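*Asks:* Okay, here's the structure, questions in a sec.
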Amino acid sequence: MAKISNYDMFDYDYSTYWKKREYENLAEKHLLNKMLDSEKGFWFLDIGGSYGRLTSTYYDKYSHPVIVDYSLKTLQKNREILLNKYKNLEIIAANAYKLPFKANSIDAGLMVRVLHHIEKPEEYFKEISRVISNDGIYIQEYANKMHIKAVLRSIFKLNFDFFDTKPYKQPTHHNNEGVKEGVEGIFFNFHPQYIEKNLEKVGFTIENKIGCSFLRSQFLKKIFNPDLLLFFEKILQITLSWSNISPSIFLKTKHTTKTNEEPKMYESLEDILACPKCKKDLKFDTSESAHCKACHSKYTKENGVWDFRVE
């Protein structure tokens, strides 16, 4: 069974991570606004959406957006703030490997700053492929193993094994995001070929590839303000996206499956929900409780947030 990064275990507040990363925040939102500019639809999944940092990039384009995150505490803490700002937003606690949605029920989705916590990306890609509808849009961001500093460092050390396509597990003593000091976390960097190959294997066609956070440097951030860095970032996103030198890469993909089924229109959250364990239909006993008609697993809504987390 794949390990899961559980921020609740250490009461980690993910919003604190972004207090000193305004440049990266602006760069990612700019890129997503560009990728989603002409898109529109009904159901949209933000996998690992946490406290809603990226909600503004898709909320006006999809009428029924859903934030999915494994951290129930984070979702409960930010629920009222989010719903006051985004009236149609749905919030669900779930495991990315076992999403609580019916097959082909989601029009579009994204995962940003989460894949480096995914120990088995191939399993996750199969699951997101299951729920995204035919011709649906999916955006995948990943930490790039082949960014310029890592490549130069490996050449300098004559570490040519680094250039294979296997995921690189970062030493966790330099990054304690979501864990306590001395606790081993899950932090992977990925080779572009590895990600692209595995997405294509489950039916995603890559439409666009754009590098991000080209100027991610503590030195540069101390000298220049975020707006000036963003100005140059926009130029680099246009001129250098053919390369693999950025620390973060975004892929816009389209899901293409061989199916003759007509797409269904699901109007309510209850219509698209399914048992995350066996994928069968749910029966809603009350507005805050449900059970699976097949395996009889029970699920509840706690403080306004559905808890569909299973391992």
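Convention: chains lettered A, B, ... in structure tokens order; per-chain residue numbering from 1; ligands numbered from 1 as shown.
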Quick one: pick out all helix (DSSP H, G or I) residues within region 60-179 of chain A from a backbone DSSP run and write them as a ChimeraX atom specification.
*Replies:* /A:72-85,115-117,121-131,148-156,160-163,172-174
*Asks:* Could you give me, as a list in words, the residues within 6 Å of region 208-221 of chain A, counting only C-alpha atoms and dropping anything in the same chain fewer than 2 positions from it?
*Replies:*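 Using only C-alpha atoms, the neighbours found are Glu24, Ile206, Ile223, Phe224, Gln237, Ser241, Ser246, Ser248, Ile249, Phe250, Leu251 and Lys252 of chain A.
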*Asks:* Output N, CA and C atoms of each residue in that selection to a file, as a PDB file, in the first residue's frame.
*Replies:*
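again-v5.pdb was written with the following content:
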```
ATOM      1  N   GLU A  24       6.376  32.670  -6.471  1.00  0.00           N
ATOM      2  CA  GLU A  24       5.946  31.375  -6.995  1.00  0.00           C
ATOM      3  C   GLU A  24       4.419  31.290  -7.085  1.00  0.00           C
ATOM      4  N   ILE A 206      -0.982  15.042 -24.330  1.00  0.00           N
ATOM      5  CA  ILE A 206      -0.395  16.301 -23.867  1.00  0.00           C
ATOM      6  C   ILE A 206      -0.584  17.387 -24.921  1.00  0.00           C
ATOM      7  N   ILE A 223      16.414  40.420  -3.515  1.00  0.00           N
ATOM      8  CA  ILE A 223      16.781  41.633  -4.237  1.00  0.00           C
ATOM      9  C   ILE A 223      15.587  42.284  -4.937  1.00  0.00           C
ATOM     10  N   PHE A 224      14.737  41.455  -5.569  1.00  0.00           N
ATOM     11  CA  PHE A 224      13.656  41.980  -6.391  1.00  0.00           C
ATOM     12  C   PHE A 224      12.299  41.665  -5.759  1.00  0.00           C
ATOM     13  N   GLN A 237       8.315  32.037 -19.380  1.00  0.00           N
ATOM     14  CA  GLN A 237       7.305  31.012 -19.641  1.00  0.00           C
ATOM     15  C   GLN A 237       7.003  30.900 -21.133  1.00  0.00           C
ATOM     16  N   SER A 241       9.777  27.530 -22.531  1.00  0.00           N
ATOM     17  CA  SER A 241       8.949  26.381 -22.182  1.00  0.00           C
ATOM     18  C   SER A 241       9.271  25.132 -22.994  1.00  0.00           C
ATOM     19  N   SER A 246      13.294  24.525 -15.861  1.00  0.00           N
ATOM     20  CA  SER A 246      12.593  25.118 -14.722  1.00  0.00           C
ATOM     21  C   SER A 246      12.384  24.078 -13.612  1.00  0.00           C
ATOM     22  N   SER A 248       9.753  23.597 -11.892  1.00  0.00           N
ATOM     23  CA  SER A 248       8.377  23.106 -11.920  1.00  0.00           C
ATOM     24  C   SER A 248       7.884  23.110 -13.363  1.00  0.00           C
ATOM     25  N   ILE A 249       7.124  22.082 -13.732  1.00  0.00           N
ATOM     26  CA  ILE A 249       6.585  21.987 -15.087  1.00  0.00           C
ATOM     27  C   ILE A 249       5.089  21.689 -15.023  1.00  0.00           C
ATOM     28  N   PHE A 250       4.321  22.378 -15.855  1.00  0.00           N
ATOM     29  CA  PHE A 250       2.884  22.173 -15.961  1.00  0.00           C
ATOM     30  C   PHE A 250       2.562  21.543 -17.309  1.00  0.00           C
ATOM     31  N   LEU A 251       1.738  20.510 -17.285  1.00  0.00           N
ATOM     32  CA  LEU A 251       1.267  19.874 -18.515  1.00  0.00           C
ATOM     33  C   LEU A 251      -0.245  20.034 -18.600  1.00  0.00           C
ATOM     34  N   LYS A 252      -0.712  20.586 -19.721  1.00  0.00           N
ATOM     35  CA  LYS A 252      -2.154  20.604 -19.992  1.00  0.00           C
ATOM     36  C   LYS A 252      -2.454  19.432 -20.904  1.00  0.00           C
TER      37      LYS A 252
END
```
*Asks:* Show me, as number ranges by chain, the residues that have an atom within 8 Å of Ser129 (chain A) when counting only C-alpha atoms, minus same-chain residues fewer than 6 positions from it.
*Replies:* A: 202-204, 255
*Asks:* Restrict the selected residues to C-alpha atoms and save them as a PDB file, in the first residue's frame.
*Replies:*
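The resulting again_28.pdb:
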```pdb
ATOM      1  CA  VAL A 202      -3.742   5.969 -19.251  1.00  0.00           C
ATOM      2  CA  GLY A 203      -5.277   8.027 -22.046  1.00  0.00           C
ATOM      3  CA  PHE A 204      -4.070  11.603 -21.623  1.00  0.00           C
ATOM      4  CA  HIS A 255      -8.336  12.785 -21.771  1.00  0.00           C
TER       5      HIS A 255
END
```
*Asks:* How would you write, as a VMD selection string, the set of residues in region 2-241 of chain A that DSSP gives as strand (DSSP E)?
*Replies:* chain A and resid 41 to 47 62 to 69 90 to 94 106 to 111 132 to 143 168 to 169 188 to 189 204 to 212
*Asks:* Considering only C-alpha atoms, can you say which of A:Thr239, A:Ser56, A:Thr74, A:Asn104 comes closest to Tyr86 (chain A)?
*Replies:* A:Ser56
*Asks:* Just want the 9 Å neighbourhood of Tyr124 (chain A), counted on only C-alpha atoms, with same-chain residues fewer than 6 positions away dropped. Output as a PDB file with N, CA and C atoms, in the first residue's frame.
*Replies:*
```
ATOM      1  N   ALA A  96      -6.216  10.639  -2.797  1.00  0.00           N
ATOM      2  CA  ALA A  96      -6.056  10.811  -4.244  1.00  0.00           C
ATOM      3  C   ALA A  96      -5.982   9.486  -4.984  1.00  0.00           C
ATOM      4  N   TYR A  97      -5.509   8.436  -4.309  1.00  0.00           N
ATOM      5  CA  TYR A  97      -5.456   7.117  -4.936  1.00  0.00           C
ATOM      6  C   TYR A  97      -6.853   6.486  -5.057  1.00  0.00           C
ATOM      7  N   LYS A  98      -7.800   6.953  -4.227  1.00  0.00           N
ATOM      8  CA  LYS A  98      -9.137   6.351  -4.184  1.00  0.00           C
ATOM      9  C   LYS A  98     -10.177   7.464  -4.108  1.00  0.00           C
ATOM     10  N   ILE A 118       3.265  12.040  -3.909  1.00  0.00           N
ATOM     11  CA  ILE A 118       2.634  10.813  -4.389  1.00  0.00           C
ATOM     12  C   ILE A 118       3.705   9.754  -4.620  1.00  0.00           C
TER      13      ILE A 118
END
```
*Asks:* Counting only C-alpha atoms, figure out which residue out of A:Thr257, A:Ser243, A:Ser50, A:Asn25 gets nearest to Glu200 (chain A).
*Replies:*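 For Glu200 (chain A), the nearest of the candidates is A:Thr257.
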*Asks:* Taking into account only C-alpha atoms, which residue in the set A:Ser71, A:Asn78, A:Thr253, A:Glu28 is nearest to Gly52 (chain A)?
*Replies:*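 Smallest separation from Gly52 (chain A) among the options: A:Asn78.
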*Asks:* From the list A:Ile186, A:Lys254, A:Ala93, A:Lys120, which residue is nearest Thr300 (chain A) when using only C-alpha atoms?
*Replies:*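 Among the listed residues, A:Ala93 lies closest to Thr300 (chain A).
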*Asks:* Give me the residues within 12 Å of Arg309 (chain A) as a ChimeraX atom specification, counting only C-alpha atoms and dropping any in the same chain fewer than 2 places off.
*Replies:* /A:4,6,68-72,92-100,275-277,297-301,305-307,311
